[in-house]
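Take a look at the structure below.
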Amino acid sequence: MSPIHPAHPIGLVAIDLDGTLLQTDEQVSQRAIRVIGEVSHRGIPVVLASARPPRSARRIYDQLKLDTLQINYNGALINDPVQHQSVFHQPLEADLAKQIIQTARGIDSQVIVDLEILDRGYTDRIDPTLTTQTSQHFQPNAVGPLGQFLDQPVTKLMLLAPPQRLGSVRAAVEHRFADRVRVHVSDPHLIQVVHPKVDKAHALAKVAETYRVPRQRVMAVGDAPNDIGMLRWAGWGVAMGNGWEAVQAAADAVVPGNDEDGVAHALQRYVLEA
């Protein structure tokens, strides 16, 4: 564990969900709920920053009694759950999404394609062995030919396949579309494709500006490669003990894992006791 502390008092906290705040059973510990409540009570905004869509994060948001903005889809959307409205949206153009799908299925025709469009999910095929955190709990809004859904920009495009097959798909997408997309990885069977400007760091910067909290006073906590940007952007980046090696290398501090109350530990040490 790092013995150092933030150079400035923390004025805003951004927390990833899966592998970070959520334990392996997808629950939030009672200690974390209590500590987050103490942080919020001090007037310090606690912001959930996740790859999940709003509907999949709502249970946790309500459980924590938050009233803050929320970062969804790795930053493609900033949502206001209190007002039930989007305050920022950075989608992929529909034609580009079509090209990505054609490329992916040209490499592997069995790739599962999930489309997320402003908190609604669409697909043309369901494979129960290949799921996302959202699809495990929510049915698609519609299942059918993808073309009928691609008449509008896509918030997030997901490609799913067994890890040993997904590598070649990812390589092809990244090579062909290069600076036209950003590819996020949080699970070995899943790649998430978004607009090239989308990153949790960019969204967190917008949220911090809204709350008038300078970068130096922002703390971000995460575990996966899609968290690296916001950990580096924040004045104080915290990696989970169960996190990827690259994430821990990018952080200012490493705390216990998600099943060991790492988030509560970080908030207690770097926010409440600092």
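We label chains A, B, ... in the order they appear in the structure tokens, count residues from 1 in each chain, and number ligands from 1 in the order shown.
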How close does region 236-273 of chain A get to region 22-37 of chain A? List, as a tab-separated table, each residue of region 236-273 of chain A within 8 Å, its nearest atom pair and the distance in Å to one decimal, counting only C-alpha atoms.
```
residue	atom	partner	partner_atom	distance
A:Asn258	CA	A:Gln23	CA	5.2
A:Asp259	CA	A:Gln23	CA	5.0
A:Asp261	CA	A:Ala32	CA	6.8
A:Val263	CA	A:Ala32	CA	6.7
A:Ala264	CA	A:Ala32	CA	4.8
A:Leu267	CA	A:Val35	CA	7.0
A:Gln268	CA	A:Val35	CA	6.9
```
Selected residues, N, CA, C and O atoms, written as a tab-separated table (two decimals), in the first residue's frame, please.
```tsv
chain	number	residue	atom	x	y	z
A	258	ASN	N	-11.76	-5.60	-4.52
A	258	ASN	CA	-13.19	-5.29	-4.42
A	258	ASN	C	-13.92	-6.16	-3.41
A	258	ASN	O	-14.94	-5.75	-2.85
A	259	ASP	N	-13.42	-7.36	-3.14
A	259	ASP	CA	-14.04	-8.22	-2.13
A	259	ASP	C	-13.49	-7.95	-0.74
A	259	ASP	O	-13.87	-8.63	0.23
A	261	ASP	N	-13.29	-4.63	0.47
A	261	ASP	CA	-13.70	-3.26	0.78
A	261	ASP	C	-12.67	-2.21	0.40
A	261	ASP	O	-12.46	-1.22	1.11
A	263	VAL	N	-12.76	0.11	-1.93
A	263	VAL	CA	-13.31	1.46	-2.12
A	263	VAL	C	-13.53	2.14	-0.78
A	263	VAL	O	-13.18	3.31	-0.59
A	264	ALA	N	-14.12	1.43	0.17
A	264	ALA	CA	-14.33	2.01	1.50
A	264	ALA	C	-12.99	2.39	2.13
A	264	ALA	O	-12.86	3.45	2.76
A	267	LEU	N	-11.76	5.66	0.43
A	267	LEU	CA	-12.52	6.83	0.85
A	267	LEU	C	-12.20	7.21	2.29
A	267	LEU	O	-12.05	8.40	2.61
A	268	GLN	N	-12.08	6.21	3.14
A	268	GLN	CA	-11.76	6.48	4.53
A	268	GLN	C	-10.38	7.13	4.66
A	268	GLN	O	-10.21	8.15	5.35
```
Open item on the list: Env of region 64-76 of chain A: 8 Å cut, atoms = only C-alpha atoms, seq-sep filter 3 positions within chain, self excluded. Answer as a ChimeraX atom specification.
Closed with: /A:33,36-37,40,45-54,60-61,79-82,88-91,155-156,194-195,198-204,207,226
Output the selection as a PDB file, in the first residue's frame - C-alpha atoms for each residue.
```
ATOM      1  CA  ILE A  33     -22.563   2.199   1.607  1.00  0.00           C
ATOM      2  CA  ILE A  36     -20.011   6.753   0.722  1.00  0.00           C
ATOM      3  CA  GLY A  37     -22.874   8.199   2.753  1.00  0.00           C
ATOM      4  CA  SER A  40     -21.745  12.625   0.447  1.00  0.00           C
ATOM      5  CA  PRO A  45     -19.960  14.611  -4.873  1.00  0.00           C
ATOM      6  CA  VAL A  46     -19.622  10.864  -5.433  1.00  0.00           C
ATOM      7  CA  VAL A  47     -19.956  10.041  -9.129  1.00  0.00           C
ATOM      8  CA  LEU A  48     -20.386   6.554 -10.573  1.00  0.00           C
ATOM      9  CA  ALA A  49     -18.221   6.142 -13.685  1.00  0.00           C
ATOM     10  CA  SER A  50     -18.980   2.933 -15.505  1.00  0.00           C
ATOM     11  CA  ALA A  51     -19.150   1.170 -18.837  1.00  0.00           C
ATOM     12  CA  ARG A  52     -22.701   0.265 -17.891  1.00  0.00           C
ATOM     13  CA  PRO A  53     -25.784   2.030 -19.266  1.00  0.00           C
ATOM     14  CA  PRO A  54     -27.956   4.055 -16.869  1.00  0.00           C
ATOM     15  CA  ILE A  60     -26.599   0.951  -7.193  1.00  0.00           C
ATOM     16  CA  TYR A  61     -27.195   4.682  -7.593  1.00  0.00           C
ATOM     17  CA  ASN A  79     -26.603  11.207 -17.375  1.00  0.00           C
ATOM     18  CA  ASP A  80     -28.628  13.050 -14.761  1.00  0.00           C
ATOM     19  CA  PRO A  81     -30.626  10.302 -13.028  1.00  0.00           C
ATOM     20  CA  VAL A  82     -32.519  12.800 -10.875  1.00  0.00           C
ATOM     21  CA  PHE A  88     -23.810  14.950 -22.754  1.00  0.00           C
ATOM     22  CA  HIS A  89     -23.793  12.364 -25.548  1.00  0.00           C
ATOM     23  CA  GLN A  90     -20.919  11.394 -27.884  1.00  0.00           C
ATOM     24  CA  PRO A  91     -22.107   8.537 -30.150  1.00  0.00           C
ATOM     25  CA  THR A 155     -23.831   5.202 -28.094  1.00  0.00           C
ATOM     26  CA  LYS A 156     -21.758   2.044 -27.717  1.00  0.00           C
ATOM     27  CA  VAL A 194     -17.123   4.071 -28.977  1.00  0.00           C
ATOM     28  CA  HIS A 195     -16.439   7.469 -30.521  1.00  0.00           C
ATOM     29  CA  VAL A 198     -14.947   8.983 -25.559  1.00  0.00           C
ATOM     30  CA  ASP A 199     -13.050   8.197 -22.394  1.00  0.00           C
ATOM     31  CA  LYS A 200     -13.923   8.262 -18.718  1.00  0.00           C
ATOM     32  CA  ALA A 201     -11.232  10.924 -18.314  1.00  0.00           C
ATOM     33  CA  HIS A 202     -12.936  13.304 -20.740  1.00  0.00           C
ATOM     34  CA  ALA A 203     -16.323  12.766 -19.123  1.00  0.00           C
ATOM     35  CA  LEU A 204     -14.888  13.153 -15.642  1.00  0.00           C
ATOM     36  CA  VAL A 207     -18.380  16.507 -14.539  1.00  0.00           C
ATOM     37  CA  ASN A 226     -10.952   1.427 -19.359  1.00  0.00           C
TER      38      ASN A 226
END
```
Set out as a tab-separated table a contact list for region 159-194 of chain A and region 105-127 of chain A with a cut-off of 8 Å, giving each residue of region 159-194 of chain A that qualifies its closest atom pair and distance in Å to one decimal, counting only C-alpha atoms, ordered by chain and rising residue number.
```
residue	atom	partner	partner_atom	distance
A:Leu159	CA	A:Val113	CA	4.9
A:Leu160	CA	A:Ile112	CA	4.9
A:Ala161	CA	A:Val111	CA	5.5
A:Arg165	CA	A:Asp108	CA	7.8
A:Ser168	CA	A:Ile107	CA	7.3
A:Val169	CA	A:Ile107	CA	6.1
A:Ala172	CA	A:Ile107	CA	7.9
```
With N, CA and C atoms retained, export the selected residues as an mmCIF file, in the first residue's frame.
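The file below, part_25.cif, is the result:
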```cif
data_model
loop_
_atom_site.group_PDB
_atom_site.id
_atom_site.type_symbol
_atom_site.label_atom_id
_atom_site.label_comp_id
_atom_site.auth_asym_id
_atom_site.auth_seq_id
_atom_site.Cartn_x
_atom_site.Cartn_y
_atom_site.Cartn_z
ATOM 1 N N LEU A 159 -18.787 -6.047 -29.142
ATOM 2 C CA LEU A 159 -18.513 -7.267 -29.884
ATOM 3 C C LEU A 159 -18.075 -8.330 -28.883
ATOM 4 N N LEU A 160 -18.736 -9.480 -28.929
ATOM 5 C CA LEU A 160 -18.467 -10.542 -27.961
ATOM 6 C C LEU A 160 -18.124 -11.844 -28.664
ATOM 7 N N ALA A 161 -17.098 -12.523 -28.146
ATOM 8 C CA ALA A 161 -16.685 -13.831 -28.652
ATOM 9 C C ALA A 161 -15.767 -14.450 -27.603
ATOM 10 N N ARG A 165 -10.877 -16.187 -29.801
ATOM 11 C CA ARG A 165 -11.318 -15.740 -31.119
ATOM 12 C C ARG A 165 -11.410 -14.230 -31.239
ATOM 13 N N SER A 168 -8.326 -11.529 -32.922
ATOM 14 C CA SER A 168 -8.197 -11.171 -34.339
ATOM 15 C C SER A 168 -9.246 -10.151 -34.749
ATOM 16 N N VAL A 169 -10.427 -10.224 -34.136
ATOM 17 C CA VAL A 169 -11.476 -9.243 -34.413
ATOM 18 C C VAL A 169 -11.045 -7.871 -33.917
ATOM 19 N N ALA A 172 -8.372 -6.347 -36.157
ATOM 20 C CA ALA A 172 -8.902 -5.855 -37.430
ATOM 21 C C ALA A 172 -9.643 -4.530 -37.253
#
```
TODO: Could you pull out the residues in region 121-205 of chain A that DSSP calls strand (DSSP E or B) from the backbone, as a list in words?
DONE: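 Here are the strand (DSSP E or B) residues of region 121-205 of chain A: Gly121, Tyr122, Thr123, Ala142, Val143, Val154, Lys156, Leu157, Met158, Leu159, Leu160, Arg182, Val183, His184, Val185, Ser186, Asp187, Leu190, Ile191, Gln192, Val193 and Val194 of chain A.
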Restrict the selected residues to N, CA and C atoms and save them as a CSV table (one decimal), in the first residue's frame.
```
chain,number,residue,atom,x,y,z
A,121,GLY,N,-31.1,-1.3,-25.5
A,121,GLY,CA,-30.2,-2.3,-26.1
A,121,GLY,C,-30.9,-3.1,-27.2
A,122,TYR,N,-30.0,-3.4,-28.2
A,122,TYR,CA,-30.5,-4.1,-29.4
A,122,TYR,C,-29.5,-5.1,-29.9
A,123,THR,N,-30.0,-6.2,-30.4
A,123,THR,CA,-29.1,-7.2,-31.0
A,123,THR,C,-29.8,-8.1,-32.0
A,142,ALA,N,-35.1,-4.9,-28.2
A,142,ALA,CA,-35.5,-5.5,-29.4
A,142,ALA,C,-34.5,-6.5,-29.9
A,143,VAL,N,-34.9,-7.5,-30.6
A,143,VAL,CA,-34.0,-8.5,-31.2
A,143,VAL,C,-34.5,-8.6,-32.7
A,154,VAL,N,-25.0,5.4,-32.6
A,154,VAL,CA,-24.9,4.4,-31.6
A,154,VAL,C,-24.0,4.8,-30.5
A,156,LYS,N,-22.9,3.0,-27.9
A,156,LYS,CA,-21.8,2.0,-27.7
A,156,LYS,C,-22.0,0.8,-28.5
A,157,LEU,N,-21.0,0.3,-29.2
A,157,LEU,CA,-21.1,-1.0,-30.0
A,157,LEU,C,-20.3,-2.0,-29.3
A,158,MET,N,-20.8,-3.1,-29.0
A,158,MET,CA,-20.1,-4.2,-28.3
A,158,MET,C,-20.0,-5.5,-29.1
A,159,LEU,N,-18.8,-6.0,-29.1
A,159,LEU,CA,-18.5,-7.3,-29.9
A,159,LEU,C,-18.1,-8.3,-28.9
A,160,LEU,N,-18.7,-9.5,-28.9
A,160,LEU,CA,-18.5,-10.5,-28.0
A,160,LEU,C,-18.1,-11.8,-28.7
A,182,ARG,N,-12.6,4.4,-30.6
A,182,ARG,CA,-11.8,4.1,-29.4
A,182,ARG,C,-12.3,2.7,-29.0
A,183,VAL,N,-11.4,1.8,-28.7
A,183,VAL,CA,-11.7,0.5,-28.2
A,183,VAL,C,-11.4,0.3,-26.7
A,184,HIS,N,-12.4,0.0,-25.9
A,184,HIS,CA,-12.2,-0.2,-24.5
A,184,HIS,C,-12.2,-1.7,-24.2
A,185,VAL,N,-11.4,-2.2,-23.3
A,185,VAL,CA,-11.4,-3.6,-22.8
A,185,VAL,C,-11.6,-3.6,-21.3
A,186,SER,N,-12.6,-4.4,-20.9
A,186,SER,CA,-12.8,-4.6,-19.4
A,186,SER,C,-13.0,-6.1,-19.1
A,187,ASP,N,-13.3,-6.9,-20.2
A,187,ASP,CA,-13.4,-8.3,-20.0
A,187,ASP,C,-12.8,-9.0,-21.2
A,190,LEU,N,-15.0,-9.5,-24.4
A,190,LEU,CA,-15.8,-8.4,-24.9
A,190,LEU,C,-14.9,-7.2,-25.2
A,191,ILE,N,-15.2,-6.6,-26.4
A,191,ILE,CA,-14.6,-5.3,-26.7
A,191,ILE,C,-15.7,-4.3,-26.9
A,192,GLN,N,-15.5,-3.1,-26.4
A,192,GLN,CA,-16.5,-2.0,-26.5
A,192,GLN,C,-15.9,-0.9,-27.4
A,193,VAL,N,-16.7,-0.6,-28.4
A,193,VAL,CA,-16.3,0.4,-29.4
A,193,VAL,C,-17.1,1.7,-29.3
A,194,VAL,N,-16.4,2.8,-29.2
A,194,VAL,CA,-17.1,4.1,-29.0
A,194,VAL,C,-16.5,5.1,-29.8
```
Task: Residue set, region 70-123 of chain A restricted to alpha helix (DSSP H), as JSON, numbers by chain - done: {"A": [94, 95, 96, 97, 98, 99, 100, 101, 102, 103, 104, 105, 106, 107]}
- [ ] Tell me, as a list in words, which residues lie within 10 Å of Ala246 (chain A), counting only C-alpha atoms; anything in the same chain fewer than 6 positions away does not count.
- [x] Asp223, Ala224, Pro225, Ile228 and Ala239 of chain A
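Nearest to Ile78 (chain A) of all the residues A:Gln148, A:Thr210, A:Gln216, A:Gln133 is A:Thr210, counting only C-alpha atoms.
For the residues A:Leu92, A:Ala97, A:Val221, A:Leu150, ranking by smallest atom-to-atom distance to Val247 (chain A) using only C-alpha atoms places A:Val221 first.
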Task: Point-to-point distance in Å for CA of Asp62 (chain A) and CA of Thr134 (chain A) - done: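 Atom-to-atom, CA of Thr134 (chain A) and CA of Asp62 (chain A) are spaced 16.8 Å apart.
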TODO: Just give me the gap between CA of Gln102 (chain A) and CA of Gln164 (chain A) in Å, one decimal is fine.
DONE: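 Answer for the CA of Gln102 (chain A) to CA of Gln164 (chain A) separation: 19.9 Å.
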Task: Interatomic distance, CA of Val87 (chain A) to CA of Ala234 (chain A) (Å, one decimal) - done: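 That distance, rounded to one decimal, is 21.2 Å.
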